[in-house]
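Raw model.cif, mmCIF, C-alpha atoms and all ligand atoms:
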data_run
#
loop_
_atom_site.group_PDB
_atom_site.id
_atom_site.type_symbol
_atom_site.label_atom_id
_atom_site.label_comp_id
_atom_site.auth_asym_id
_atom_site.auth_seq_id
_atom_site.Cartn_x
_atom_site.Cartn_y
_atom_site.Cartn_z
ATOM 1 C CA MET A 1 1.671 -28.298 -13.057
ATOM 2 C CA ASP A 2 -1.495 -28.306 -15.129
ATOM 3 C CA TRP A 3 -2.327 -25.816 -17.828
ATOM 4 C CA ARG A 4 -5.512 -23.840 -17.190
ATOM 5 C CA ILE A 5 -7.710 -21.773 -19.435
ATOM 6 C CA GLY A 6 -8.046 -18.105 -18.510
ATOM 7 C CA THR A 7 -10.728 -15.964 -20.111
ATOM 8 C CA VAL A 8 -9.829 -12.369 -20.867
ATOM 9 C CA ARG A 9 -12.212 -10.136 -18.938
ATOM 10 C CA GLU A 10 -10.735 -6.879 -20.206
ATOM 11 C CA THR A 11 -7.597 -5.315 -21.556
ATOM 12 C CA SER A 12 -6.272 -1.838 -20.891
ATOM 13 C CA ARG A 13 -3.469 0.047 -22.557
ATOM 14 C CA GLU A 14 -0.898 1.082 -19.947
ATOM 15 C CA THR A 15 1.562 2.854 -22.235
ATOM 16 C CA PRO A 16 1.868 3.064 -26.037
ATOM 17 C CA ARG A 17 3.755 -0.241 -25.978
ATOM 18 C CA SER A 18 2.207 -2.168 -23.113
ATOM 19 C CA THR A 19 -1.144 -3.648 -22.160
ATOM 20 C CA THR A 20 -2.628 -5.114 -19.017
ATOM 21 C CA ILE A 21 -4.687 -8.253 -19.561
ATOM 22 C CA VAL A 22 -7.230 -9.062 -16.853
ATOM 23 C CA LEU A 23 -8.084 -12.757 -16.697
ATOM 24 C CA ASP A 24 -10.689 -14.866 -14.983
ATOM 25 C CA VAL A 25 -9.131 -18.221 -14.203
ATOM 26 C CA PRO A 26 -11.539 -20.789 -12.747
ATOM 27 C CA GLY A 27 -9.908 -22.765 -9.944
ATOM 28 C CA TRP A 28 -7.002 -20.339 -9.594
ATOM 29 C CA PRO A 29 -5.232 -21.381 -6.375
ATOM 30 C CA GLY A 30 -4.050 -17.884 -5.439
ATOM 31 C CA HIS A 31 -0.519 -16.498 -5.572
ATOM 32 C CA ARG A 32 2.145 -14.581 -3.684
ATOM 33 C CA ALA A 33 3.210 -11.163 -4.898
ATOM 34 C CA GLY A 34 6.233 -11.586 -7.149
ATOM 35 C CA GLN A 35 5.222 -14.879 -8.748
ATOM 36 C CA HIS A 36 4.633 -15.360 -12.458
ATOM 37 C CA VAL A 37 2.627 -17.480 -14.873
ATOM 38 C CA ASP A 38 3.607 -19.189 -18.077
ATOM 39 C CA VAL A 39 1.400 -18.309 -21.040
ATOM 40 C CA ARG A 40 1.197 -20.712 -23.971
ATOM 41 C CA LEU A 41 -0.068 -19.786 -27.423
ATOM 42 C CA THR A 42 -0.958 -22.419 -29.998
ATOM 43 C CA ALA A 43 -1.181 -21.614 -33.720
ATOM 44 C CA GLU A 44 -3.691 -23.280 -36.034
ATOM 45 C CA ASP A 45 -0.941 -25.562 -37.345
ATOM 46 C CA GLY A 46 -0.162 -26.714 -33.789
ATOM 47 C CA TYR A 47 3.006 -24.628 -33.335
ATOM 48 C CA GLN A 48 3.305 -23.523 -29.716
ATOM 49 C CA ALA A 49 5.164 -20.655 -28.064
ATOM 50 C CA GLN A 50 5.424 -20.186 -24.325
ATOM 51 C CA ARG A 51 6.612 -17.193 -22.291
ATOM 52 C CA SER A 52 6.640 -16.166 -18.638
ATOM 53 C CA TYR A 53 4.745 -13.121 -17.348
ATOM 54 C CA SER A 54 4.794 -11.756 -13.822
ATOM 55 C CA ILE A 55 1.495 -11.442 -12.041
ATOM 56 C CA ALA A 56 0.764 -7.733 -11.699
ATOM 57 C CA SER A 57 -2.231 -8.053 -9.406
ATOM 58 C CA ALA A 58 -2.138 -8.340 -5.638
ATOM 59 C CA PRO A 59 -3.118 -11.694 -4.139
ATOM 60 C CA GLU A 60 -6.174 -9.866 -2.779
ATOM 61 C CA ASP A 61 -7.409 -9.080 -6.317
ATOM 62 C CA ALA A 62 -10.149 -11.444 -7.525
ATOM 63 C CA ALA A 63 -8.832 -11.323 -11.090
ATOM 64 C CA LEU A 64 -5.395 -12.198 -12.397
ATOM 65 C CA ARG A 65 -3.580 -9.403 -14.212
ATOM 66 C CA ILE A 66 -0.501 -9.529 -16.369
ATOM 67 C CA THR A 67 1.127 -6.509 -17.976
ATOM 68 C CA VAL A 68 3.027 -7.117 -21.175
ATOM 69 C CA ASP A 69 5.534 -4.861 -22.888
ATOM 70 C CA ARG A 70 5.787 -5.231 -26.664
ATOM 71 C CA LEU A 71 9.110 -6.222 -28.222
ATOM 72 C CA ASP A 72 8.596 -5.231 -31.847
ATOM 73 C CA ASP A 73 10.528 -8.230 -33.192
ATOM 74 C CA GLY A 74 9.097 -10.594 -30.587
ATOM 75 C CA GLU A 75 7.060 -13.691 -31.264
ATOM 76 C CA VAL A 76 4.567 -13.548 -28.384
ATOM 77 C CA SER A 77 4.481 -10.069 -26.847
ATOM 78 C CA PRO A 78 3.130 -8.162 -29.920
ATOM 79 C CA PHE A 79 0.155 -10.537 -30.009
ATOM 80 C CA LEU A 80 -0.550 -10.140 -26.282
ATOM 81 C CA VAL A 81 -0.173 -6.354 -26.376
ATOM 82 C CA ASP A 82 -2.066 -5.588 -29.577
ATOM 83 C CA ASP A 83 -4.368 -8.464 -30.510
ATOM 84 C CA VAL A 84 -5.871 -10.035 -27.388
ATOM 85 C CA LEU A 85 -9.536 -9.111 -26.886
ATOM 86 C CA PRO A 86 -12.086 -9.561 -24.106
ATOM 87 C CA GLY A 87 -13.597 -13.043 -24.312
ATOM 88 C CA ASP A 88 -10.408 -14.609 -25.730
ATOM 89 C CA GLU A 89 -9.030 -17.632 -23.942
ATOM 90 C CA LEU A 90 -5.376 -17.971 -22.962
ATOM 91 C CA GLU A 91 -3.633 -21.103 -21.752
ATOM 92 C CA LEU A 92 -1.604 -20.507 -18.632
ATOM 93 C CA ARG A 93 -0.039 -22.312 -15.728
ATOM 94 C CA GLY A 94 1.111 -21.142 -12.347
ATOM 95 C CA PRO A 95 1.671 -19.556 -9.992
ATOM 96 C CA ILE A 96 5.403 -20.111 -10.369
ATOM 97 C CA GLY A 97 8.302 -18.805 -8.304
ATOM 98 C CA GLY A 98 9.520 -19.015 -4.739
ATOM 99 C CA PRO A 99 12.353 -16.755 -3.609
ATOM 100 C CA PHE A 100 11.210 -13.745 -5.633
ATOM 101 C CA THR A 101 8.088 -13.186 -3.538
ATOM 102 C CA TRP A 102 7.078 -10.956 -0.679
ATOM 103 C CA SER A 103 4.161 -10.689 1.701
ATOM 104 C CA VAL A 104 3.562 -8.150 4.453
ATOM 105 C CA ASP A 105 4.227 -10.915 6.984
ATOM 106 C CA ASP A 106 7.819 -11.034 5.731
ATOM 107 C CA GLY A 107 8.329 -7.461 6.939
ATOM 108 C CA GLY A 108 10.849 -5.009 5.586
ATOM 109 C CA PRO A 109 11.955 -2.383 4.814
ATOM 110 C CA LEU A 110 11.672 -3.042 1.107
ATOM 111 C CA LEU A 111 14.079 -1.772 -1.497
ATOM 112 C CA LEU A 112 12.729 -2.349 -5.016
ATOM 113 C CA LEU A 113 14.750 -1.648 -8.157
ATOM 114 C CA ALA A 114 13.071 -2.056 -11.545
ATOM 115 C CA GLY A 115 14.203 -1.748 -15.129
ATOM 116 C CA GLY A 116 11.412 -1.359 -17.715
ATOM 117 C CA SER A 117 8.693 -3.996 -17.397
ATOM 118 C CA GLY A 118 10.613 -5.438 -14.445
ATOM 119 C CA VAL A 119 8.386 -3.189 -12.374
ATOM 120 C CA VAL A 120 5.461 -5.607 -12.836
ATOM 121 C CA PRO A 121 6.174 -8.086 -9.992
ATOM 122 C CA LEU A 122 7.279 -5.208 -7.761
ATOM 123 C CA MET A 123 3.946 -3.514 -8.453
ATOM 124 C CA ALA A 124 2.196 -6.666 -7.261
ATOM 125 C CA MET A 125 4.157 -6.348 -4.001
ATOM 126 C CA LEU A 126 3.189 -2.687 -3.595
ATOM 127 C CA ARG A 127 -0.463 -3.415 -4.449
ATOM 128 C CA HIS A 128 -0.424 -6.179 -1.847
ATOM 129 C CA ARG A 129 1.183 -3.826 0.684
ATOM 130 C CA ALA A 130 -1.563 -1.247 -0.017
ATOM 131 C CA ALA A 131 -4.368 -3.839 0.111
ATOM 132 C CA GLN A 132 -3.144 -4.906 3.543
ATOM 133 C CA GLY A 133 -2.851 -1.314 4.774
ATOM 134 C CA SER A 134 0.781 -2.031 5.573
ATOM 135 C CA ASP A 135 3.192 0.750 6.439
ATOM 136 C CA VAL A 136 6.323 -1.350 5.971
ATOM 137 C CA PRO A 137 8.804 1.245 4.669
ATOM 138 C CA ALA A 138 9.286 0.741 0.944
ATOM 139 C CA ARG A 139 11.267 2.393 -1.809
ATOM 140 C CA LEU A 140 10.925 1.814 -5.535
ATOM 141 C CA LEU A 141 13.343 3.149 -8.105
ATOM 142 C CA HIS A 142 12.102 2.604 -11.666
ATOM 143 C CA SER A 143 14.446 3.021 -14.610
ATOM 144 C CA VAL A 144 12.668 3.624 -17.928
ATOM 145 C CA ARG A 145 13.680 5.029 -21.278
ATOM 146 C CA ALA A 146 11.086 7.795 -21.347
ATOM 147 C CA PRO A 147 8.206 9.094 -19.217
ATOM 148 C CA ARG A 148 5.630 7.678 -21.624
ATOM 149 C CA GLU A 149 7.025 4.184 -20.935
ATOM 150 C CA ALA A 150 6.692 4.446 -17.157
ATOM 151 C CA LEU A 151 4.245 1.676 -16.273
ATOM 152 C CA PHE A 152 1.768 2.356 -13.448
ATOM 153 C CA HIS A 153 3.082 5.900 -13.096
ATOM 154 C CA ARG A 154 -0.174 7.455 -11.933
ATOM 155 C CA GLU A 155 -0.968 4.650 -9.502
ATOM 156 C CA LEU A 156 2.529 4.761 -8.015
ATOM 157 C CA LEU A 157 2.322 8.521 -7.595
ATOM 158 C CA ALA A 158 -1.004 8.126 -5.821
ATOM 159 C CA LEU A 159 0.302 5.353 -3.571
ATOM 160 C CA SER A 160 3.373 7.348 -2.590
ATOM 161 C CA GLY A 161 1.680 10.721 -2.418
ATOM 162 C CA GLY A 162 4.913 12.067 -3.770
ATOM 163 C CA ASP A 163 6.288 14.294 -6.440
ATOM 164 C CA PRO A 164 7.985 12.346 -9.269
ATOM 165 C CA ALA A 165 11.144 14.428 -9.022
ATOM 166 C CA ALA A 166 11.251 14.601 -5.232
ATOM 167 C CA PRO A 167 10.213 11.396 -3.523
ATOM 168 C CA GLY A 168 7.735 12.122 -0.749
ATOM 169 C CA SER A 169 8.112 11.502 2.922
ATOM 170 C CA ALA A 170 5.423 8.819 3.113
ATOM 171 C CA SER A 171 6.404 5.278 4.021
ATOM 172 C CA LEU A 172 6.435 4.514 0.291
ATOM 173 C CA GLN A 173 8.930 6.464 -1.782
ATOM 174 C CA VAL A 174 8.988 6.161 -5.553
ATOM 175 C CA ALA A 175 11.424 7.681 -8.008
ATOM 176 C CA TRP A 176 11.946 7.363 -11.717
ATOM 177 C CA THR A 177 15.064 7.699 -13.787
ATOM 178 C CA TYR A 178 14.758 8.416 -17.515
ATOM 179 C CA THR A 179 17.555 6.991 -19.603
ATOM 180 C CA ARG A 180 16.779 8.272 -23.118
ATOM 181 C CA MET A 181 14.082 10.919 -23.259
ATOM 182 C CA VAL A 182 14.160 13.473 -20.474
ATOM 183 C CA PRO A 183 11.420 16.127 -20.287
ATOM 184 C CA PRO A 184 12.831 19.689 -20.192
ATOM 185 C CA GLU A 185 11.328 20.473 -16.796
ATOM 186 C CA TRP A 186 12.544 17.228 -15.182
ATOM 187 C CA THR A 187 14.714 17.641 -12.084
ATOM 188 C CA GLY A 188 14.952 13.981 -11.069
ATOM 189 C CA PHE A 189 17.385 11.267 -12.153
ATOM 190 C CA ALA A 190 18.164 11.192 -15.866
ATOM 191 C CA ARG A 191 20.667 8.410 -16.527
ATOM 192 C CA ARG A 192 21.150 4.696 -16.128
ATOM 193 C CA LEU A 193 21.355 3.333 -12.606
ATOM 194 C CA ASP A 194 24.744 3.966 -11.043
ATOM 195 C CA GLY A 195 26.380 4.112 -7.618
ATOM 196 C CA PRO A 196 25.711 7.766 -6.810
ATOM 197 C CA MET A 197 22.058 7.307 -7.793
ATOM 198 C CA LEU A 198 21.728 4.320 -5.507
ATOM 199 C CA ASP A 199 23.433 6.223 -2.695
ATOM 200 C CA ALA A 200 21.086 9.182 -3.151
ATOM 201 C CA PHE A 201 17.975 7.047 -3.381
ATOM 202 C CA ALA A 202 18.586 4.193 -0.975
ATOM 203 C CA GLY A 203 21.253 5.466 1.377
ATOM 204 C CA PRO A 204 23.795 3.118 2.913
ATOM 205 C CA ALA A 205 23.176 -0.532 3.650
ATOM 206 C CA PRO A 206 21.744 -1.165 7.116
ATOM 207 C CA ALA A 207 24.643 -1.499 9.548
ATOM 208 C CA ALA A 208 23.459 -4.963 10.595
ATOM 209 C CA ASP A 209 23.602 -6.184 6.982
ATOM 210 C CA ALA A 210 26.699 -4.469 5.822
ATOM 211 C CA THR A 211 29.580 -6.637 4.781
ATOM 212 C CA GLY A 212 31.730 -4.105 2.977
ATOM 213 C CA PRO A 213 33.005 -0.561 3.334
ATOM 214 C CA ALA A 214 29.486 0.716 3.884
ATOM 215 C CA ALA A 215 29.375 -1.173 7.204
ATOM 216 C CA ALA A 216 30.742 1.802 9.007
ATOM 217 C CA MET A 217 28.065 4.105 7.695
ATOM 218 C CA ALA A 218 25.062 4.788 9.857
ATOM 219 C CA ALA A 219 21.722 3.385 8.807
ATOM 220 C CA ASP A 220 19.087 6.006 8.052
ATOM 221 C CA GLY A 221 15.463 6.138 9.187
ATOM 222 C CA LEU A 222 14.154 3.822 6.475
ATOM 223 C CA SER A 223 16.896 1.271 6.789
ATOM 224 C CA ALA A 224 16.790 -1.851 8.870
ATOM 225 C CA GLY A 225 18.846 -0.872 11.847
ATOM 226 C CA ASN A 226 16.186 -1.684 14.407
ATOM 227 C CA GLY A 227 15.839 -5.420 14.334
ATOM 228 C CA SER A 228 13.820 -5.468 11.098
ATOM 229 C CA THR A 229 15.229 -7.113 8.008
ATOM 230 C CA GLU A 230 15.819 -5.338 4.741
ATOM 231 C CA ARG A 231 14.468 -7.122 1.648
ATOM 232 C CA ILE A 232 15.705 -6.163 -1.771
ATOM 233 C CA PHE A 233 14.056 -7.128 -5.048
ATOM 234 C CA VAL A 234 15.641 -6.306 -8.390
ATOM 235 C CA CYS A 235 13.887 -7.069 -11.672
ATOM 236 C CA GLY A 236 14.370 -6.145 -15.306
ATOM 237 C CA PRO A 237 16.560 -6.892 -18.305
ATOM 238 C CA SER A 238 19.661 -8.920 -17.442
ATOM 239 C CA PRO A 239 22.170 -6.033 -17.765
ATOM 240 C CA PHE A 240 20.083 -3.873 -15.433
ATOM 241 C CA VAL A 241 19.791 -6.658 -12.863
ATOM 242 C CA GLU A 242 23.504 -7.440 -12.984
ATOM 243 C CA THR A 243 24.478 -3.792 -12.582
ATOM 244 C CA ALA A 244 22.045 -3.248 -9.722
ATOM 245 C CA ALA A 245 23.116 -6.393 -7.860
ATOM 246 C CA SER A 246 26.812 -5.506 -8.178
ATOM 247 C CA LEU A 247 26.201 -1.961 -6.952
ATOM 248 C CA LEU A 248 24.191 -3.232 -3.983
ATOM 249 C CA VAL A 249 26.831 -5.759 -2.940
ATOM 250 C CA ALA A 250 29.587 -3.146 -3.336
ATOM 251 C CA ARG A 251 27.601 -0.938 -0.956
ATOM 252 C CA GLY A 252 27.494 -3.608 1.722
ATOM 253 C CA HIS A 253 23.993 -4.992 1.212
ATOM 254 C CA ALA A 254 23.957 -8.643 2.232
ATOM 255 C CA PRO A 255 23.849 -10.796 -0.942
ATOM 256 C CA GLY A 256 21.382 -13.166 0.723
ATOM 257 C CA ARG A 257 18.837 -10.385 0.963
ATOM 258 C CA ILE A 258 19.058 -9.420 -2.706
ATOM 259 C CA HIS A 259 16.470 -11.268 -4.785
ATOM 260 C CA THR A 260 16.776 -10.944 -8.535
ATOM 261 C CA GLU A 261 14.643 -11.817 -11.531
ATOM 262 C CA ARG A 262 15.850 -11.421 -15.109
ATOM 263 C CA PHE A 263 13.330 -10.822 -17.875
ATOM 264 C CA GLY A 264 15.445 -10.727 -20.979
ATOM 265 C CA PRO A 265 17.985 -12.951 -22.681
ATOM 266 C CA SER A 266 21.180 -13.325 -20.647
HETATM 267 C C1 LIG A 301 9.989 -14.803 -14.777
HETATM 268 C C2 LIG A 301 9.733 -13.860 -15.945
HETATM 269 C C3 LIG A 301 8.727 -12.907 -15.828
HETATM 270 C C4 LIG A 301 8.484 -12.043 -16.895
HETATM 271 N N1 LIG A 301 7.501 -11.087 -16.746
HETATM 272 C C5 LIG A 301 7.250 -10.222 -17.749
HETATM 273 C C6 LIG A 301 6.262 -9.213 -17.589
HETATM 274 O O1 LIG A 301 5.596 -9.093 -16.549
HETATM 275 N N2 LIG A 301 6.050 -8.379 -18.639
HETATM 276 C C7 LIG A 301 6.760 -8.473 -19.803
HETATM 277 O O2 LIG A 301 6.510 -7.687 -20.727
HETATM 278 N N3 LIG A 301 7.714 -9.409 -19.972
HETATM 279 C C8 LIG A 301 7.971 -10.297 -18.984
HETATM 280 N N4 LIG A 301 8.929 -11.274 -19.160
HETATM 281 C C9 LIG A 301 9.576 -11.419 -20.479
HETATM 282 C C10 LIG A 301 8.709 -12.338 -21.360
HETATM 283 O O3 LIG A 301 8.759 -13.672 -20.848
HETATM 284 C C11 LIG A 301 9.214 -12.423 -22.816
HETATM 285 O O4 LIG A 301 10.595 -12.713 -22.808
HETATM 286 C C12 LIG A 301 8.979 -11.133 -23.587
HETATM 287 O O5 LIG A 301 7.584 -10.809 -23.616
HETATM 288 C C13 LIG A 301 9.487 -11.286 -25.035
HETATM 289 O O6 LIG A 301 8.815 -12.343 -25.642
HETATM 290 P P1 LIG A 301 8.612 -12.326 -27.229
HETATM 291 O O7 LIG A 301 8.116 -13.677 -27.626
HETATM 292 O O8 LIG A 301 7.809 -11.149 -27.649
HETATM 293 O O9 LIG A 301 10.076 -12.087 -27.783
HETATM 294 P P2 LIG A 301 11.065 -13.219 -28.368
HETATM 295 O O10 LIG A 301 10.542 -13.677 -29.696
HETATM 296 O O11 LIG A 301 11.297 -14.252 -27.307
HETATM 297 O O12 LIG A 301 12.389 -12.385 -28.524
HETATM 298 C C14 LIG A 301 12.535 -11.385 -29.556
HETATM 299 C C15 LIG A 301 13.880 -10.709 -29.414
HETATM 300 O O13 LIG A 301 13.958 -9.951 -28.201
HETATM 301 C C16 LIG A 301 14.950 -10.484 -27.321
HETATM 302 N N5 LIG A 301 14.311 -10.477 -25.994
HETATM 303 C C17 LIG A 301 13.518 -11.450 -25.467
HETATM 304 N N6 LIG A 301 13.032 -11.060 -24.267
HETATM 305 C C18 LIG A 301 13.521 -9.818 -24.042
HETATM 306 C C19 LIG A 301 13.359 -8.880 -22.989
HETATM 307 N N7 LIG A 301 12.574 -9.127 -21.920
HETATM 308 N N8 LIG A 301 14.005 -7.677 -23.104
HETATM 309 C C20 LIG A 301 14.763 -7.403 -24.170
HETATM 310 N N9 LIG A 301 14.950 -8.264 -25.202
HETATM 311 C C21 LIG A 301 14.339 -9.443 -25.138
HETATM 312 C C22 LIG A 301 15.263 -11.852 -27.845
HETATM 313 O O14 LIG A 301 16.594 -12.216 -27.588
HETATM 314 C C23 LIG A 301 15.042 -11.664 -29.337
HETATM 315 O O15 LIG A 301 16.119 -11.034 -29.953
HETATM 316 C C24 LIG A 301 9.230 -12.131 -18.102
HETATM 317 C C25 LIG A 301 10.238 -13.101 -18.198
HETATM 318 C C26 LIG A 301 10.499 -13.939 -17.136
HETATM 319 C C27 LIG A 301 11.604 -14.960 -17.274
#

What would the structure in this file look like if it were written as structure tokens?
Amino acid sequence: MDWRIGTVRETSRETPRSTTIVLDVPGWPGHRAGQHVDVRLTAEDGYQAQRSYSIASAPEDAALRITVDRLDDGEVSPFLVDDVLPGDELELRGPIGGPFTWSVDDGGPLLLLAGGSGVVPLMAMLRHRAAQGSDVPARLLHSVRAPREALFHRELLALSGGDPAAPGSASLQVAWTYTRMVPPEWTGFARRLDGPMLDAFAGPAPAADATGPAAAMAADGLSAGNGSTERIFVCGPSPFVETAASLLVARGHAPGRIHTERFGPS
């Protein structure tokens, strides 16, 4: 796959430690929500560093967006978050990725579990769902350290029409769990993802999918008990993804329907 040159159209600060970079990429072939690009930086002495970044924008968006979270001791992310300016050129290649993608034609319901910046490819799916006017039932649970680190918080609230502590009744439900800094007035989840949280947020596995003890439990209104097929996407740091996948399987969700993407070192 060839490397292309993307020109930075604009950058916007999402949170104190993350930035969205909007790129114009001539000849961009289009992408599916959930795919990523590789970004390659080259120093004056020829040293190169390459990292993967999920595409945050919907396929319907004319520009390509990536959203990068800064790791303070990282080689690439501090540059992308703090130093990239409009007019800069970035080398990138893509789109990359097959199984970790979703389009409205694939149907649902969708169950999306994100840890930290793992919300980025899931946001692309929800932006695509919104751009298509789809009412495929969808749920997103986003685990972040603190409210100020919750990427796309305002946009997700607007899309779901919900209250952050009490997911709304719209076809998109979004909830956050704060693992380190919990605001005093917060009444929502305030711990790392665990079984009871998943039970409260997602309910039992659809009866048709269930392979474990949850098989006997009735599917609820947003679950796939009516001929539709549940699709689960889990993305974030490796420990988050491993925990989430284990909890899902233990609750009877069919492993073949659980798509995972790990951002961090394993
Ligand atoms: C398919 C894919 C999609 C990705 N999409 C995004 C995205 O949309 N947004 C985003 O911000 N990042 C994303 N990442 C992570 C990204 O590729 C880099 O790993 C991240 O930006 C760190 O790079 P760095 O050069 O700053 O840190 P490095 O110099 O590579 O690492 C610095 C230190 O942090 C550790 N580390 C590396 N990556 C992580 C991590 N993700 N979490 C915790 N510790 C880590 C390393 O072990 C090392 O100790 C994605 C990764 C993959 C594989």

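Residue nearest ligand LIG 301 (chain A) within the list A:Glu60, A:Asp194, A:Glu149, A:Glu89: A:Glu149 [criterion: smallest interatomic distance, only C-alpha atoms and all ligand atoms].
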
With all atoms listed in the file counted, collect every polymer residue having an atom within 9 Å of ligand LIG 301 (chain A); state the result as an MDAnalysis selection string. chainID A and resid 18:19 35:39 49:56 66:81 96:97 116:121 235:238 261:266

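Residue nearest A:Glu14 within the list A:Ala200, A:Ala175, A:Ala250, A:Leu151: A:Leu151 [criterion: smallest interatomic distance, only C-alpha atoms].
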
Could you give me, as a ChimeraX atom specification, the residues within 8 Å of A:Thr11, counting all atoms listed in the file and dropping anything in the same chain fewer than 5 positions from it? /A:19-22,84-86

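For the atom pair formed by atom CA of A:Tyr178 and atom CA of A:Ala114, the distance is 12.2 Å, given to one decimal.
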
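Between A:Asp2 and the residues A:Tyr47, A:Trp176, A:Phe152, A:Trp28, the shortest atom-to-atom distance, using only C-alpha atoms, involves A:Trp28.
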
Would you mind listing what lies within 7 Å of A:Ser134 as an MDAnalysis selection string, with all atoms listed in the file counted and same-chain residues fewer than 4 positions away left out? chainID A and resid 104 129:130

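The gap separating atom CA of A:Ala150 from atom CA of A:Arg257 is 26.4 Å, in Å to one decimal.
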
Give the centre and edge lengths of an axis-aligned box, in Å to one decimal, that holds all listed atoms of stretch 136-150 of chain A with 4 Å on each side, as AutoDock Vina command-line options.
--center_x 10.0 --center_y 3.9 --center_z -7.8 --size_x 16.8 --size_y 18.4 --size_z 35.6

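The gap separating atom CA of A:Leu92 from atom CA of A:Arg4 is 5.3 Å, in Å to one decimal.
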